[in-house]
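Next comes my_file.cif, with mmCIF, C-alpha atoms; chains and numbers go by the auth columns.
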```cif
data_input
#
loop_
_atom_site.group_PDB
_atom_site.id
_atom_site.type_symbol
_atom_site.label_atom_id
_atom_site.label_comp_id
_atom_site.label_asym_id
_atom_site.label_seq_id
_atom_site.Cartn_x
_atom_site.Cartn_y
_atom_site.Cartn_z
_atom_site.B_iso_or_equiv
_atom_site.auth_seq_id
_atom_site.auth_asym_id
ATOM 1 C CA MET A 1 98.669 41.007 112.830 0.00 1 A
ATOM 2 C CA SER A 2 101.728 41.092 115.077 0.00 2 A
ATOM 3 C CA ALA A 3 105.306 41.010 113.849 0.00 3 A
ATOM 4 C CA GLU A 4 105.631 37.568 115.459 0.00 4 A
ATOM 5 C CA ASP A 5 102.997 36.160 113.060 0.00 5 A
ATOM 6 C CA GLU A 6 105.022 37.465 110.078 0.00 6 A
ATOM 7 C CA SER A 7 108.245 35.662 111.083 0.00 7 A
ATOM 8 C CA PRO A 8 109.804 33.085 108.700 0.00 8 A
ATOM 9 C CA GLN A 9 108.862 30.278 111.128 0.00 9 A
ATOM 10 C CA ASN A 10 105.188 30.873 110.360 0.00 10 A
ATOM 11 C CA ALA A 11 105.621 31.125 106.581 0.00 11 A
ATOM 12 C CA SER A 12 103.467 28.897 104.429 0.00 12 A
ATOM 13 C CA PRO A 13 105.125 25.513 103.667 0.00 13 A
ATOM 14 C CA SER A 14 104.058 25.923 100.041 0.00 14 A
ATOM 15 C CA GLU A 15 106.603 28.742 99.612 0.00 15 A
ATOM 16 C CA PRO A 16 110.121 27.251 99.683 0.00 16 A
ATOM 17 C CA SER A 17 112.888 29.500 100.954 0.00 17 A
ATOM 18 C CA GLU A 18 115.897 30.406 98.802 0.00 18 A
ATOM 19 C CA SER A 19 118.249 28.280 100.931 0.00 19 A
ATOM 20 C CA SER A 20 116.272 25.115 100.172 0.00 20 A
ATOM 21 C CA ALA A 21 116.518 25.526 96.381 0.00 21 A
ATOM 22 C CA PRO A 22 118.610 22.762 94.792 0.00 22 A
ATOM 23 C CA SER A 23 122.045 23.886 93.640 0.00 23 A
ATOM 24 C CA ALA A 24 123.088 23.399 90.019 0.00 24 A
ATOM 25 C CA PRO A 25 125.512 20.489 89.448 0.00 25 A
ATOM 26 C CA GLU A 26 129.126 21.466 88.866 0.00 26 A
ATOM 27 C CA ALA A 27 130.399 21.225 85.299 0.00 27 A
ATOM 28 C CA ARG A 28 132.608 18.208 84.574 0.00 28 A
ATOM 29 C CA GLN A 29 136.319 18.884 84.497 0.00 29 A
ATOM 30 C CA LEU A 30 139.407 16.670 84.474 0.00 30 A
ATOM 31 C CA ARG A 31 142.336 17.200 86.826 0.00 31 A
ATOM 32 C CA PHE A 32 145.713 15.500 86.678 0.00 32 A
ATOM 33 C CA ALA A 33 149.007 15.779 88.541 0.00 33 A
ATOM 34 C CA TYR A 34 152.502 15.020 87.284 0.00 34 A
ATOM 35 C CA VAL A 35 155.934 14.601 88.834 0.00 35 A
ATOM 36 C CA ALA A 36 158.960 16.678 87.870 0.00 36 A
ATOM 37 C CA GLY A 37 160.418 15.641 84.531 0.00 37 A
ATOM 38 C CA VAL A 38 157.082 14.860 82.879 0.00 38 A
ATOM 39 C CA THR A 39 156.127 17.314 80.120 0.00 39 A
ATOM 40 C CA PRO A 40 152.362 17.027 79.542 0.00 40 A
ATOM 41 C CA GLY A 41 152.042 19.841 76.989 0.00 41 A
ATOM 42 C CA LYS A 42 151.343 17.620 73.962 0.00 42 A
ATOM 43 C CA TRP A 43 148.568 15.740 75.810 0.00 43 A
ATOM 44 C CA ILE A 44 146.986 19.003 76.951 0.00 44 A
ATOM 45 C CA ARG A 45 146.939 20.319 73.368 0.00 45 A
ATOM 46 C CA ARG A 46 145.312 17.146 72.032 0.00 46 A
ATOM 47 C CA TRP A 47 142.720 17.223 74.799 0.00 47 A
ATOM 48 C CA GLU A 48 141.764 20.824 74.023 0.00 48 A
ATOM 49 C CA GLU A 49 141.334 19.878 70.354 0.00 49 A
ATOM 50 C CA ARG A 50 139.131 16.841 71.019 0.00 50 A
ATOM 51 C CA MET A 51 137.319 17.736 74.237 0.00 51 A
ATOM 52 C CA PRO A 52 136.869 21.532 74.273 0.00 52 A
ATOM 53 C CA ASP A 53 133.758 21.252 76.455 0.00 53 A
ATOM 54 C CA VAL A 54 135.612 19.574 79.361 0.00 54 A
ATOM 55 C CA PRO A 55 138.196 21.868 81.036 0.00 55 A
ATOM 56 C CA LEU A 56 141.560 20.269 81.851 0.00 56 A
ATOM 57 C CA ARG A 57 143.443 21.264 85.016 0.00 57 A
ATOM 58 C CA SER A 58 147.033 20.180 85.703 0.00 58 A
ATOM 59 C CA PHE A 59 149.600 20.760 88.443 0.00 59 A
ATOM 60 C CA MET A 60 153.004 19.371 89.440 0.00 60 A
ATOM 61 C CA SER A 61 153.401 17.243 92.565 0.00 61 A
ATOM 62 C CA ASP A 62 156.560 15.964 94.206 0.00 62 A
ATOM 63 C CA ASP A 63 157.366 12.258 94.362 0.00 63 A
ATOM 64 C CA GLY A 64 156.055 11.999 97.913 0.00 64 A
ATOM 65 C CA ALA A 65 152.605 13.282 96.915 0.00 65 A
ATOM 66 C CA GLN A 66 152.243 11.513 93.575 0.00 66 A
ATOM 67 C CA LEU A 67 149.674 9.098 95.043 0.00 67 A
ATOM 68 C CA SER A 68 148.209 11.205 97.842 0.00 68 A
ATOM 69 C CA VAL A 69 146.694 13.551 95.266 0.00 69 A
ATOM 70 C CA LEU A 70 144.591 10.590 94.113 0.00 70 A
ATOM 71 C CA ARG A 71 143.705 9.437 97.628 0.00 71 A
ATOM 72 C CA ASP A 72 142.482 12.842 98.766 0.00 72 A
ATOM 73 C CA GLY A 73 140.633 13.621 95.516 0.00 73 A
ATOM 74 C CA ALA A 74 142.830 16.533 94.441 0.00 74 A
ATOM 75 C CA ALA A 75 143.420 14.864 91.043 0.00 75 A
ATOM 76 C CA ASP A 76 141.581 12.352 88.870 0.00 76 A
ATOM 77 C CA LEU A 77 144.803 10.962 87.398 0.00 77 A
ATOM 78 C CA SER A 78 148.490 11.233 88.224 0.00 78 A
ATOM 79 C CA PHE A 79 151.664 10.744 86.211 0.00 79 A
ATOM 80 C CA VAL A 80 153.851 8.861 88.684 0.00 80 A
ATOM 81 C CA ARG A 81 157.400 7.565 88.845 0.00 81 A
ATOM 82 C CA LEU A 82 157.506 3.849 89.566 0.00 82 A
ATOM 83 C CA PRO A 83 157.539 1.907 91.798 0.00 83 A
ATOM 84 C CA VAL A 84 154.297 2.789 93.610 0.00 84 A
ATOM 85 C CA GLU A 85 151.766 0.969 95.777 0.00 85 A
ATOM 86 C CA ARG A 86 149.137 -0.203 93.280 0.00 86 A
ATOM 87 C CA GLU A 87 146.337 -1.315 95.602 0.00 87 A
ATOM 88 C CA GLY A 88 143.040 0.227 94.469 0.00 88 A
ATOM 89 C CA LEU A 89 144.699 1.845 91.453 0.00 89 A
ATOM 90 C CA SER A 90 144.844 1.222 87.737 0.00 90 A
ATOM 91 C CA VAL A 91 148.382 1.788 86.460 0.00 91 A
ATOM 92 C CA ILE A 92 149.740 1.754 82.907 0.00 92 A
ATOM 93 C CA THR A 93 153.472 2.087 82.234 0.00 93 A
ATOM 94 C CA LEU A 94 154.313 4.687 79.583 0.00 94 A
ATOM 95 C CA TYR A 95 158.076 4.942 79.087 0.00 95 A
ATOM 96 C CA GLU A 96 161.540 4.555 80.630 0.00 96 A
ATOM 97 C CA GLU A 97 163.746 7.451 81.692 0.00 97 A
ATOM 98 C CA GLN A 98 167.460 7.788 80.961 0.00 98 A
ATOM 99 C CA PRO A 99 169.493 7.929 84.210 0.00 99 A
ATOM 100 C CA VAL A 100 172.271 10.494 84.634 0.00 100 A
ATOM 101 C CA VAL A 101 174.906 11.150 87.258 0.00 101 A
ATOM 102 C CA VAL A 102 175.141 14.743 88.460 0.00 102 A
ATOM 103 C CA ALA A 103 178.396 16.112 89.886 0.00 103 A
ATOM 104 C CA PRO A 104 179.730 19.555 90.838 0.00 104 A
ATOM 105 C CA LYS A 105 181.030 21.675 87.967 0.00 105 A
ATOM 106 C CA GLY A 106 184.648 20.842 87.127 0.00 106 A
ATOM 107 C CA HIS A 107 184.313 17.172 88.112 0.00 107 A
ATOM 108 C CA GLU A 108 186.190 14.737 85.860 0.00 108 A
ATOM 109 C CA ILE A 109 182.940 13.236 84.500 0.00 109 A
ATOM 110 C CA SER A 110 182.577 16.402 82.423 0.00 110 A
ATOM 111 C CA LEU A 111 185.329 15.022 80.148 0.00 111 A
ATOM 112 C CA PHE A 112 183.070 12.196 78.964 0.00 112 A
ATOM 113 C CA GLU A 113 179.743 11.933 77.134 0.00 113 A
ATOM 114 C CA GLU A 114 178.621 9.014 79.311 0.00 114 A
ATOM 115 C CA VAL A 115 179.955 7.306 82.426 0.00 115 A
ATOM 116 C CA ALA A 116 179.695 3.721 83.698 0.00 116 A
ATOM 117 C CA LEU A 117 178.414 3.275 87.233 0.00 117 A
ATOM 118 C CA ALA A 118 181.212 0.788 87.933 0.00 118 A
ATOM 119 C CA ASP A 119 183.788 3.535 87.316 0.00 119 A
ATOM 120 C CA LEU A 120 182.308 5.672 90.114 0.00 120 A
ATOM 121 C CA SER A 121 182.723 3.153 92.932 0.00 121 A
ATOM 122 C CA ARG A 122 184.964 5.495 94.926 0.00 122 A
ATOM 123 C CA GLU A 123 182.598 8.460 94.705 0.00 123 A
ATOM 124 C CA THR A 124 180.247 9.607 97.477 0.00 124 A
ATOM 125 C CA PHE A 125 176.611 9.337 96.444 0.00 125 A
ATOM 126 C CA LEU A 126 173.901 11.324 98.201 0.00 126 A
ATOM 127 C CA ASP A 127 170.373 10.085 98.965 0.00 127 A
ATOM 128 C CA VAL A 128 167.949 12.318 97.098 0.00 128 A
ATOM 129 C CA GLN A 129 164.933 11.530 99.295 0.00 129 A
ATOM 130 C CA GLU A 130 166.828 12.073 102.554 0.00 130 A
ATOM 131 C CA LEU A 131 167.859 15.506 101.305 0.00 131 A
ATOM 132 C CA GLY A 132 164.236 16.475 100.696 0.00 132 A
ATOM 133 C CA GLY A 133 163.917 15.932 96.961 0.00 133 A
ATOM 134 C CA PRO A 134 165.856 16.464 93.745 0.00 134 A
ATOM 135 C CA GLU A 135 166.021 20.271 93.814 0.00 135 A
ATOM 136 C CA THR A 136 167.621 20.392 97.268 0.00 136 A
ATOM 137 C CA ALA A 137 169.855 17.435 96.440 0.00 137 A
ATOM 138 C CA LEU A 138 171.196 19.205 93.348 0.00 138 A
ATOM 139 C CA GLN A 139 171.991 22.291 95.400 0.00 139 A
ATOM 140 C CA VAL A 140 173.986 20.096 97.793 0.00 140 A
ATOM 141 C CA VAL A 141 175.808 18.562 94.821 0.00 141 A
ATOM 142 C CA ALA A 142 176.734 22.048 93.615 0.00 142 A
ATOM 143 C CA SER A 143 178.440 22.645 96.966 0.00 143 A
ATOM 144 C CA GLY A 144 180.765 19.692 96.290 0.00 144 A
ATOM 145 C CA ALA A 145 179.355 17.327 98.933 0.00 145 A
ATOM 146 C CA GLY A 146 178.854 14.404 96.547 0.00 146 A
ATOM 147 C CA LEU A 147 177.059 13.033 93.481 0.00 147 A
ATOM 148 C CA VAL A 148 173.472 12.006 92.800 0.00 148 A
ATOM 149 C CA ILE A 149 171.752 9.763 90.270 0.00 149 A
ATOM 150 C CA LEU A 150 168.573 11.169 88.732 0.00 150 A
ATOM 151 C CA PRO A 151 166.429 10.750 85.635 0.00 151 A
ATOM 152 C CA MET A 152 167.766 13.013 82.889 0.00 152 A
ATOM 153 C CA SER A 153 164.416 14.797 82.627 0.00 153 A
ATOM 154 C CA VAL A 154 164.525 15.738 86.325 0.00 154 A
ATOM 155 C CA ALA A 155 168.095 17.056 86.154 0.00 155 A
ATOM 156 C CA ARG A 156 167.158 19.182 83.141 0.00 156 A
ATOM 157 C CA HIS A 157 163.955 20.414 84.792 0.00 157 A
ATOM 158 C CA PHE A 158 165.730 21.916 87.816 0.00 158 A
ATOM 159 C CA ASN A 159 168.961 22.807 85.976 0.00 159 A
ATOM 160 C CA ILE A 160 170.890 23.886 89.083 0.00 160 A
ATOM 161 C CA LYS A 161 173.867 26.139 88.404 0.00 161 A
ATOM 162 C CA ASP A 162 177.409 24.820 88.999 0.00 162 A
ATOM 163 C CA THR A 163 176.486 21.196 88.302 0.00 163 A
ATOM 164 C CA VAL A 164 177.244 18.889 85.371 0.00 164 A
ATOM 165 C CA ALA A 165 175.224 15.840 84.300 0.00 165 A
ATOM 166 C CA ARG A 166 176.289 12.896 82.144 0.00 166 A
ATOM 167 C CA LYS A 167 174.469 9.796 80.914 0.00 167 A
ATOM 168 C CA LEU A 168 174.972 6.874 83.247 0.00 168 A
ATOM 169 C CA THR A 169 175.279 3.255 82.079 0.00 169 A
ATOM 170 C CA GLY A 170 174.900 0.231 84.323 0.00 170 A
ATOM 171 C CA ALA A 171 172.233 1.887 86.484 0.00 171 A
ATOM 172 C CA PRO A 172 168.577 0.818 86.537 0.00 172 A
ATOM 173 C CA ALA A 173 166.247 3.058 84.553 0.00 173 A
ATOM 174 C CA THR A 174 163.176 4.600 86.138 0.00 174 A
ATOM 175 C CA GLU A 175 159.704 4.400 84.579 0.00 175 A
ATOM 176 C CA ILE A 176 156.867 6.870 84.223 0.00 176 A
ATOM 177 C CA ALA A 177 153.304 5.565 84.499 0.00 177 A
ATOM 178 C CA LEU A 178 149.764 6.939 84.561 0.00 178 A
ATOM 179 C CA ALA A 179 147.676 6.018 87.610 0.00 179 A
ATOM 180 C CA TRP A 180 144.066 6.605 88.656 0.00 180 A
ATOM 181 C CA PRO A 181 141.588 5.072 91.157 0.00 181 A
ATOM 182 C CA SER A 182 140.155 1.895 89.628 0.00 182 A
ATOM 183 C CA GLU A 183 136.589 2.599 90.772 0.00 183 A
ATOM 184 C CA ALA A 184 136.616 6.133 89.327 0.00 184 A
ATOM 185 C CA THR A 185 137.009 5.155 85.669 0.00 185 A
ATOM 186 C CA ASP A 186 134.509 6.806 83.328 0.00 186 A
ATOM 187 C CA GLU A 187 134.332 7.922 79.700 0.00 187 A
ATOM 188 C CA VAL A 188 136.165 11.201 80.384 0.00 188 A
ATOM 189 C CA ILE A 189 139.080 9.405 82.050 0.00 189 A
ATOM 190 C CA GLU A 190 139.097 6.772 79.291 0.00 190 A
ATOM 191 C CA GLU A 191 139.330 9.557 76.719 0.00 191 A
ATOM 192 C CA PHE A 192 142.407 11.019 78.435 0.00 192 A
ATOM 193 C CA ILE A 193 144.036 7.592 78.740 0.00 193 A
ATOM 194 C CA GLY A 194 143.548 7.053 75.011 0.00 194 A
ATOM 195 C CA ILE A 195 145.174 10.398 74.218 0.00 195 A
ATOM 196 C CA VAL A 196 148.176 9.595 76.407 0.00 196 A
ATOM 197 C CA ARG A 197 148.529 6.188 74.744 0.00 197 A
ATOM 198 C CA GLY A 198 148.559 7.807 71.311 0.00 198 A
ATOM 199 C CA ARG A 199 145.154 6.771 70.005 0.00 199 A
ATOM 200 C CA THR A 200 143.795 8.906 67.205 0.00 200 A
ATOM 201 C CA ALA A 201 140.505 10.755 67.399 0.00 201 A
ATOM 202 C CA ALA A 202 138.967 8.198 65.020 0.00 202 A
ATOM 203 C CA SER A 203 140.053 5.173 67.046 0.00 203 A
ATOM 204 C CA SER A 204 137.170 2.837 67.845 0.00 204 A
ATOM 205 C CA ARG A 205 138.514 2.572 71.410 0.00 205 A
ATOM 206 C CA GLN A 206 138.004 6.280 72.077 0.00 206 A
ATOM 207 C CA PRO A 207 134.681 7.088 73.806 0.00 207 A
ATOM 208 C CA SER A 208 134.358 10.293 71.771 0.00 208 A
ATOM 209 C CA ALA A 209 134.540 8.294 68.523 0.00 209 A
ATOM 210 C CA GLN A 210 131.822 5.874 69.691 0.00 210 A
ATOM 211 C CA GLN A 211 129.181 8.585 70.071 0.00 211 A
ATOM 212 C CA GLU A 212 126.360 8.311 67.536 0.00 212 A
ATOM 213 C CA LYS A 213 126.922 10.717 64.671 0.00 213 A
ATOM 214 C CA PRO A 214 123.913 12.552 63.199 0.00 214 A
ATOM 215 C CA LYS A 215 122.586 10.894 60.058 0.00 215 A
ATOM 216 C CA LYS A 216 122.881 12.886 56.859 0.00 216 A
ATOM 217 C CA GLU A 217 119.658 13.789 55.091 0.00 217 A
ATOM 218 C CA PRO A 218 119.195 11.996 51.747 0.00 218 A
ATOM 219 C CA LYS A 219 120.088 14.037 48.702 0.00 219 A
ATOM 220 C CA PRO A 220 117.082 15.271 46.653 0.00 220 A
ATOM 221 C CA ASP A 221 116.188 13.284 43.517 0.00 221 A
ATOM 222 C CA ARG A 222 117.180 15.523 40.614 0.00 222 A
ATOM 223 C CA ARG A 223 116.371 13.028 37.884 0.00 223 A
ATOM 224 C CA GLY A 224 112.925 14.550 37.339 0.00 224 A
ATOM 225 C CA THR A 225 109.574 12.847 36.958 0.00 225 A
ATOM 226 C CA GLY A 226 109.524 12.492 33.165 0.00 226 A
ATOM 227 C CA VAL A 227 109.002 9.125 31.515 0.00 227 A
ATOM 228 C CA LYS A 228 112.284 7.488 30.611 0.00 228 A
ATOM 229 C CA LYS A 229 112.789 6.477 26.996 0.00 229 A
ATOM 230 C CA PRO A 230 113.140 2.726 26.482 0.00 230 A
ATOM 231 C CA LYS A 231 116.645 1.588 25.821 0.00 231 A
ATOM 232 C CA VAL A 232 117.272 0.562 22.176 0.00 232 A
ATOM 233 C CA ALA A 233 119.765 -2.158 21.429 0.00 233 A
ATOM 234 C CA GLN A 234 122.750 -0.645 19.685 0.00 234 A
ATOM 235 C CA ARG A 235 123.654 -2.195 16.358 0.00 235 A
ATOM 236 C CA TYR A 236 127.209 -2.455 15.226 0.00 236 A
ATOM 237 C CA ALA A 237 128.476 -2.681 11.628 0.00 237 A
ATOM 238 C CA PRO A 238 129.954 -6.063 10.767 0.00 238 A
ATOM 239 C CA ASN A 239 133.705 -6.312 11.000 0.00 239 A
ATOM 240 C CA PRO A 240 135.041 -6.868 7.459 0.00 240 A
ATOM 241 C CA ASP A 241 138.169 -8.546 8.807 0.00 241 A
ATOM 242 C CA LYS A 242 136.346 -11.058 11.008 0.00 242 A
ATOM 243 C CA GLY A 243 137.084 -14.653 9.973 0.00 243 A
ATOM 244 C CA ARG A 244 140.011 -13.806 7.709 0.00 244 A
ATOM 245 C CA GLY A 245 143.519 -14.808 8.398 0.00 245 A
ATOM 246 C CA LYS A 246 146.280 -12.335 9.073 0.00 246 A
ATOM 247 C CA GLY A 247 147.064 -10.375 5.955 0.00 247 A
ATOM 248 C CA SER A 248 144.156 -11.826 4.009 0.00 248 A
ATOM 249 C CA ARG A 249 142.476 -8.464 3.467 0.00 249 A
ATOM 250 C CA LYS A 250 143.045 -7.180 -0.020 0.00 250 A
ATOM 251 C CA LYS A 251 144.745 -3.883 -0.313 0.00 251 A
ATOM 252 C CA GLY A 252 143.289 -1.371 -2.660 0.00 252 A
ATOM 253 C CA LYS A 253 145.145 0.486 -5.311 0.00 253 A
ATOM 254 C CA ARG A 254 146.819 3.662 -4.282 0.00 254 A
#
```

When written as structure tokens, how does the structure in this file appear?
Amino acid sequence: MSAEDESPQNASPSEPSESSAPSAPEARQLRFAYVAGVTPGKWIRRWEERMPDVPLRSFMSDDGAQLSVLRDGAADLSFVRLPVEREGLSVITLYEEQPVVVAPKGHEISLFEEVALADLSRETFLDVQELGGPETALQVVASGAGLVILPMSVARHFNIKDTVARKLTGAPATEIALAWPSEATDEVIEEFIGIVRGRTAASSRQPSAQQEKPKKEPKPDRRGTGVKKPKVAQRYAPNPDKGRGKGSRKKGKR
């Protein structure tokens, strides 16, 4: 037999090659993204307690990518800062953020615990998005070029040196929400949503709590097989005081 007859092209069709073997399905995992200022640690801990068999992956995204991570499939869910385009998404609002004004160190706002927006009408405010995001904007503020308004959680997250932040009244608050593609909802995503919304592990709305629990085996009958004795009516002695008025019973001699 020639070497040509032994080539893979002439192999018997009943012997499948290694390349044609079906690959094993990937294990289910859950991925979520979050914008700066969101602290997902408590939700991660609860997930690991309730769903140890489903790995949880998280990463931070900037405000410009908070939805693109859902569109391109990099994340199953995303903690976003509203407003966002909601077409094709399910969105639930979670909480409001406290706004602050950030100024260079030594600015007069450092003398107060909180500042009204109306009192800063003569100040120069910088556009955070035009400067490329909050971290860069805070660095520009530190140089003395102007002030910015940010959520308190964001200002604390970056904590740029030579800046001072104070609570700001009279400014609209921002909101944090959880978003995910509407058509991608399944029991794993529903479980995470329930955890974020504060549902307990025993909540009837949690998919993990709806799973059928194994039935307990009946306890063995330990009463024995002996014949039970018939119950006998208990007789009571007559009450000597029954029918007599109060104090009618004669007292004996002492």

Nearest residue to Pro134 (chain A) from the set A:Thr174, A:Leu89, A:Asp63, A:Pro52 (distances using all atoms listed in the file):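 Under the stated criterion, the closest residue is A:Asp63.
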
Distance in Å - CA of Asp72 (chain A) versus CA of Thr39 (chain A):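 CA of Asp72 (chain A) sits 23.5 Å away from CA of Thr39 (chain A).
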
Residue neighbourhood Gln139 (chain A), 9 Å, only C-alpha atoms, exclusion window fewer than 2 positions, as a PDB file with C-alpha atoms, in the frame of the given file:
```
ATOM      1  CA  PRO A 134     165.856  16.464  93.745  1.00  0.00           C
ATOM      2  CA  GLU A 135     166.021  20.271  93.814  1.00  0.00           C
ATOM      3  CA  THR A 136     167.621  20.392  97.268  1.00  0.00           C
ATOM      4  CA  ALA A 137     169.855  17.435  96.440  1.00  0.00           C
ATOM      5  CA  VAL A 141     175.808  18.562  94.821  1.00  0.00           C
ATOM      6  CA  ALA A 142     176.734  22.048  93.615  1.00  0.00           C
ATOM      7  CA  SER A 143     178.440  22.645  96.966  1.00  0.00           C
ATOM      8  CA  ILE A 160     170.890  23.886  89.083  1.00  0.00           C
ATOM      9  CA  LYS A 161     173.867  26.139  88.404  1.00  0.00           C
ATOM     10  CA  ASP A 162     177.409  24.820  88.999  1.00  0.00           C
ATOM     11  CA  THR A 163     176.486  21.196  88.302  1.00  0.00           C
TER      12      THR A 163
END
```

Two-atom distance - CA of Gly144 (chain A), CA of Glu130 (chain A) (Å): 17.1 Å

Can you list, as a PDB file with C-alpha atoms, keeping the file's coordinate frame, every protein, DNA or RNA residue that comes within 9 Å of Asp127 (chain A) when you count all atoms listed in the file, leaving out same-chain residues fewer than 6 positions away?
```pdb
ATOM      1  CA  GLY A 133     163.917  15.932  96.961  1.00  0.00           C
ATOM      2  CA  ALA A 137     169.855  17.435  96.440  1.00  0.00           C
ATOM      3  CA  VAL A 148     173.472  12.006  92.800  1.00  0.00           C
ATOM      4  CA  ILE A 149     171.752   9.763  90.270  1.00  0.00           C
TER       5      ILE A 149
END
```

Among listed residues A:Glu108, A:Glu183, A:Asp76, A:Glu96, nearest Phe32 (chain A) (using all atoms listed in the file): A:Asp76

Å distance separating CA of Ala155 (chain A) from CA of Ala171 (chain A), one decimal place: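 Atom-to-atom, CA of Ala155 (chain A) and CA of Ala171 (chain A) are spaced 15.7 Å apart.
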
Picked residues, the PyMOL selection byres ((chain A and resi 94) around 8), expected as a PyMOL selection string: chain A and resi 92-93+95-96+175-178+197

Would you output that residue set with C-alpha atoms, as a PDB file, in the frame of the given file?
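Heads up, here's the output in part12.pdb:
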```
ATOM      1  CA  ILE A  92     149.740   1.754  82.907  1.00  0.00           C
ATOM      2  CA  THR A  93     153.472   2.087  82.234  1.00  0.00           C
ATOM      3  CA  TYR A  95     158.076   4.942  79.087  1.00  0.00           C
ATOM      4  CA  GLU A  96     161.540   4.555  80.630  1.00  0.00           C
ATOM      5  CA  GLU A 175     159.704   4.400  84.579  1.00  0.00           C
ATOM      6  CA  ILE A 176     156.867   6.870  84.223  1.00  0.00           C
ATOM      7  CA  ALA A 177     153.304   5.565  84.499  1.00  0.00           C
ATOM      8  CA  LEU A 178     149.764   6.939  84.561  1.00  0.00           C
ATOM      9  CA  ARG A 197     148.529   6.188  74.744  1.00  0.00           C
TER      10      ARG A 197
END
```

Shell of 12 Å around Val100 (chain A), all atoms listed in the file, local chain residues under 5 positions omitted, as a ChimeraX atom specification: /A:109,113-117,147-156,164-174
